[in-house]
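Enquirer: So here's structure_38.cif, just mmCIF, C-alpha atoms:
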```cif
data_work
#
loop_
_atom_site.label_atom_id
_atom_site.label_comp_id
_atom_site.auth_asym_id
_atom_site.auth_seq_id
_atom_site.Cartn_x
_atom_site.Cartn_y
_atom_site.Cartn_z
CA MET G 14 0.00 0.00 0.00
CA PRO G 15 2.20 2.83 -1.21
CA GLY G 16 -0.40 5.49 -0.37
CA LEU G 17 -0.68 4.37 3.24
CA GLU G 18 3.10 4.10 3.61
CA ASP G 19 3.45 7.65 2.26
CA LEU G 20 0.87 8.89 4.77
CA TYR G 21 2.65 7.12 7.62
CA ARG G 22 5.99 8.56 6.49
CA GLU G 23 4.47 12.07 6.50
CA ILE G 24 3.05 11.59 10.02
CA ILE G 25 6.45 10.45 11.30
CA LEU G 26 8.26 13.34 9.61
CA ASP G 27 5.70 15.86 10.89
CA HIS G 28 6.28 14.72 14.49
CA TYR G 29 10.05 14.79 13.92
CA ARG G 30 10.08 18.28 12.41
CA SER G 31 7.46 19.73 14.78
CA PRO G 32 7.63 17.66 17.98
CA ARG G 33 4.68 17.92 20.34
CA ASN G 34 5.16 18.68 24.04
CA ARG G 35 8.85 19.47 23.69
CA GLY G 36 10.43 21.07 26.75
CA GLU G 37 10.75 20.61 30.49
CA LEU G 38 8.54 20.70 33.58
CA GLU G 39 9.60 21.83 37.03
CA THR G 40 10.85 18.93 39.14
CA PRO G 41 9.32 18.37 41.59
CA PRO G 42 6.33 18.21 41.29
CA ALA G 43 6.99 16.56 37.92
CA THR G 44 8.98 13.34 37.63
CA ARG G 45 12.05 13.42 35.36
CA VAL G 46 13.41 10.21 33.83
CA GLU G 47 16.08 9.70 31.19
CA GLY G 48 16.19 6.86 28.68
CA PHE G 49 19.18 5.96 26.55
CA ASN G 50 19.75 3.48 23.73
CA PRO G 51 23.48 2.67 23.74
CA LEU G 52 23.24 0.87 20.38
CA CYS G 53 22.47 4.03 18.42
CA GLY G 54 22.85 6.93 20.84
CA ASP G 55 19.17 7.92 21.09
CA GLU G 56 18.35 9.83 24.27
CA ILE G 57 14.90 10.63 25.64
CA VAL G 58 14.02 12.69 28.71
CA VAL G 59 10.45 12.44 29.97
CA PHE G 60 8.98 14.98 32.38
CA LEU G 61 5.71 13.63 33.75
CA ASP G 62 3.11 15.30 35.95
CA VAL G 63 0.44 13.02 37.42
CA ASP G 64 -2.29 14.42 39.64
CA ASP G 65 -3.85 12.90 42.80
CA THR G 66 -6.48 11.08 40.73
CA GLY G 67 -3.82 9.28 38.68
CA THR G 68 -4.25 11.35 35.53
CA VAL G 69 -1.35 12.54 33.38
CA THR G 70 -1.92 16.29 33.58
CA ASP G 71 1.21 17.25 31.66
CA ILE G 72 4.13 15.66 29.87
CA ARG G 73 7.18 17.14 28.24
CA ILE G 74 9.81 15.44 26.13
CA GLY G 75 13.48 16.22 25.56
CA GLY G 76 16.42 14.45 24.05
CA THR G 77 18.12 13.76 20.77
CA GLY G 78 18.16 10.91 18.31
CA CYS G 79 16.91 9.51 15.06
CA SER G 80 13.61 10.44 13.46
CA ILE G 81 11.98 7.22 14.72
CA SER G 82 12.88 7.76 18.39
CA GLN G 83 11.98 11.44 18.37
CA SER G 84 8.74 10.97 16.41
CA SER G 85 7.67 8.13 18.68
CA ALA G 86 8.31 10.32 21.74
CA SER G 87 6.27 13.16 20.24
CA MET G 88 3.38 10.87 19.31
CA MET G 89 3.50 9.20 22.72
CA SER G 90 3.35 12.52 24.56
CA ALA G 91 0.31 13.61 22.56
CA ALA G 92 -1.40 10.26 23.07
CA VAL G 93 -1.01 10.02 26.86
CA LYS G 94 -1.74 13.59 27.96
CA GLY G 95 -5.01 13.69 29.91
CA LYS G 96 -5.22 9.89 30.26
CA THR G 97 -5.31 7.93 33.51
CA ILE G 98 -2.35 5.78 34.49
CA ALA G 99 -4.38 2.65 33.65
CA GLU G 100 -5.19 4.04 30.18
CA VAL G 101 -1.53 4.93 29.63
CA GLU G 102 -0.48 1.42 30.67
CA ASP G 103 -3.00 -0.11 28.21
CA LEU G 104 -1.79 2.21 25.44
CA THR G 105 1.82 1.30 26.20
CA GLN G 106 0.99 -2.39 26.07
CA ALA G 107 -0.89 -1.96 22.77
CA PHE G 108 2.02 -0.04 21.25
CA LYS G 109 4.56 -2.64 22.38
CA ALA G 110 2.32 -5.39 21.00
CA MET G 111 2.32 -3.63 17.63
CA MET G 112 6.12 -3.43 17.81
CA SER G 113 6.43 -7.14 18.58
CA ILE G 114 4.44 -8.50 15.61
CA HIS G 115 7.16 -9.88 13.40
CA GLU G 116 6.38 -13.34 12.11
CA SER G 117 2.61 -13.10 11.84
CA SER G 118 2.45 -9.97 9.71
CA LEU G 119 5.78 -10.08 7.91
CA GLY G 120 6.03 -13.76 7.01
CA GLY G 121 9.64 -13.84 8.14
CA GLU G 122 11.36 -15.47 11.04
CA ALA G 123 10.08 -14.34 14.39
CA ALA G 124 12.07 -12.05 16.55
CA ALA G 125 9.22 -12.25 19.00
CA GLY G 126 9.48 -10.43 22.26
CA GLU G 127 11.63 -7.52 21.02
CA ALA G 128 9.28 -5.23 22.88
CA GLY G 129 8.52 -7.52 25.80
CA ALA G 130 10.55 -6.93 28.94
CA ASP G 131 10.45 -10.60 29.87
CA GLY G 132 11.27 -11.91 26.39
CA ASP G 133 7.71 -12.94 25.56
CA ALA G 134 5.62 -11.39 22.82
CA VAL G 135 3.36 -8.64 24.12
CA GLU G 136 -0.39 -8.99 23.68
CA ALA G 137 -2.52 -5.90 23.00
CA PRO G 138 -5.38 -5.11 25.38
CA ALA G 139 -8.78 -5.24 23.68
CA GLY G 140 -10.32 -2.02 22.43
CA VAL G 141 -7.24 0.21 22.62
CA LYS G 142 -6.96 2.54 19.61
CA LEU G 143 -3.47 3.64 18.62
CA GLY G 144 -4.46 6.34 16.12
CA ASP G 145 -1.42 8.11 14.61
CA LEU G 146 0.87 5.74 16.51
CA GLU G 147 0.03 3.13 13.87
CA ALA G 148 2.28 5.12 11.54
CA LEU G 149 5.19 3.49 13.35
CA GLN G 150 4.08 -0.07 12.56
CA GLY G 151 6.42 -0.19 9.55
CA VAL G 152 9.35 -0.07 11.98
CA VAL G 153 8.88 -3.80 12.66
CA LYS G 154 10.31 -4.47 9.19
CA PHE G 155 13.62 -3.20 10.61
CA PRO G 156 14.12 -5.02 13.93
CA VAL G 157 17.15 -2.94 14.90
CA ARG G 158 14.90 0.18 14.86
CA ILE G 159 12.27 -1.25 17.22
CA LYS G 160 14.33 -0.14 20.21
CA CYS G 161 14.31 3.39 18.74
CA ALA G 162 10.50 3.37 18.60
CA THR G 163 10.03 1.88 22.08
CA LEU G 164 12.65 3.93 23.94
CA SER G 165 10.25 6.73 24.88
CA TRP G 166 7.59 4.21 25.95
CA ASN G 167 10.03 2.37 28.23
CA THR G 168 11.14 5.71 29.66
CA LEU G 169 7.50 6.69 30.22
CA ALA G 170 6.86 3.40 32.04
CA GLN G 171 9.78 4.14 34.35
CA ALA G 172 8.45 7.68 34.94
CA LEU G 173 5.02 6.28 35.80
CA ASP G 174 6.59 3.85 38.28
CA GLU G 175 8.56 6.66 39.90
CA ALA G 176 5.53 8.99 39.98
CA GLU G 177 3.41 6.28 41.61
CA ALA G 178 6.18 5.49 44.12
CA GLY G 179 6.45 9.19 44.97
CA ALA G 180 2.69 9.51 45.37
CA SER G 181 2.51 6.51 47.72
CA ALA G 182 5.47 7.86 49.75
CA ASP G 183 3.70 11.23 50.08
CA GLY G 184 0.35 9.70 51.00
#
```
What's the structure tokens form of this structure?

Expert:
Amino acid sequence: MPGLEDLYREIILDHYRSPRNRGELETPPATRVEGFNPLCGDEIVVFLDVDDTGTVTDIRIGGTGCSISQSSASMMSAAVKGKTIAEVEDLTQAFKAMMSIHESSLGGEAAAGEAGADGDAVEAPAGVKLGDLEALQGVVKFPVRIKCATLSWNTLAQALDEAEAGASADG
């Protein structure tokens, strides 16, 4: 589908050229977490603000890297803002599931579990819509780039863990 691939390429380039939610938040109250991919040098900094109800009230992204890592971070920040922690976790799982579909959709040998922390393929939660994030599904054709696409998501997961730990320590 050349037309769809062109559209996806444009979405990725748009987020790379005009990243959403770029910048910093004051820490504290925001949580700041850095992610780094030593294989290619991509760096992501996530600033996350979660309120008392467990809703992501604000998120800011910093860092440098390839168009895939930076576009994924931009798309992620736009997708999670205003969502509850549970919704963000479901979205993260759905994104990682999309990034782990090698054999079934590509007809090649499986490199299953690229996105799974425990080495198992990730299963998407039912009913989660990825929207523009689906533009990154072509990355699975290039397994070495999957880590670029998931770096911001792994960094976000760490930020959520730290924000929740901080909230339970305060309460």

Enquirer: Residues picked by the PyMOL selection byres ((chain G and resi 40) around 12) here, as a ChimeraX atom specification?

Expert: /G:37-39,41-46,59-62,72-73,176

Enquirer: Go through G:Val101, G:Val152, G:Ala107, G:Ala162 and flag the residue nearest G:Glu136, using all atoms listed in the file for the distances.

Expert: G:Ala107

Enquirer: May I ask which of the residues G:Gln106, G:Ser181, G:Ser113, G:Gln171 is the closest one to G:Phe155, counting all atoms listed in the file?

Expert: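 Among the listed residues, G:Ser113 lies closest to G:Phe155.
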
Enquirer: Could you please determine the separation between atom CA of G:Gly67 and atom CA of G:Lys96 in Å, to one decimal place?

Expert: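 It comes out at 8.6 Å.
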
Enquirer: Quick one: distance from atom CA of G:Gly16 to atom CA of G:Ile81 in Å, one decimal?

Expert: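 These two atoms are separated by 19.6 Å.
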
Enquirer: What separation in Å, quoted to one decimal, exists between atom CA of G:Arg33 and atom CA of G:Thr70?

Expert: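 One can read the atom CA of G:Arg33 to atom CA of G:Thr70 distance as 14.9 Å.
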
Enquirer: Please provide as a list in words all residues within 12 Å of G:Pro138, with the sequence filter that same-chain residues fewer than 2 positions apart are discarded (counting all atoms listed in the file).

Expert: Ala99, Glu100, Val101, Glu102, Asp103, Leu104, Thr105, Gln106, Ala107, Phe108, Lys109, Ala110, Met111, Val135, Glu136, Gly140, Val141, Lys142 and Leu143 of chain G

Enquirer: Write out as an NGL selection string the residues lying within 6 Å of G:His28, counting all atoms listed in the file and excluding same-chain residues fewer than 3 positions away.

Expert: :G and (25 or 31-32 or 84 or 87)

Enquirer: Could you tell me which residues the PyMOL selection byres ((chain G and resi 76) around 10) returns for this structure, as a count of residues only?

Expert: 18

Enquirer: Once you count only C-alpha atoms, which residues end up no further than 9 Å from (8.9, -0.8, 14.5) in the file's frame, shown as a PyMOL selection string?

Expert: chain G and resi 81+111-114+149-163

Enquirer: Which one is closest to G:Asp64: G:Cys79, G:Ile98, G:Met88, G:Ala137? Count all atoms listed in the file.

Expert: G:Ile98
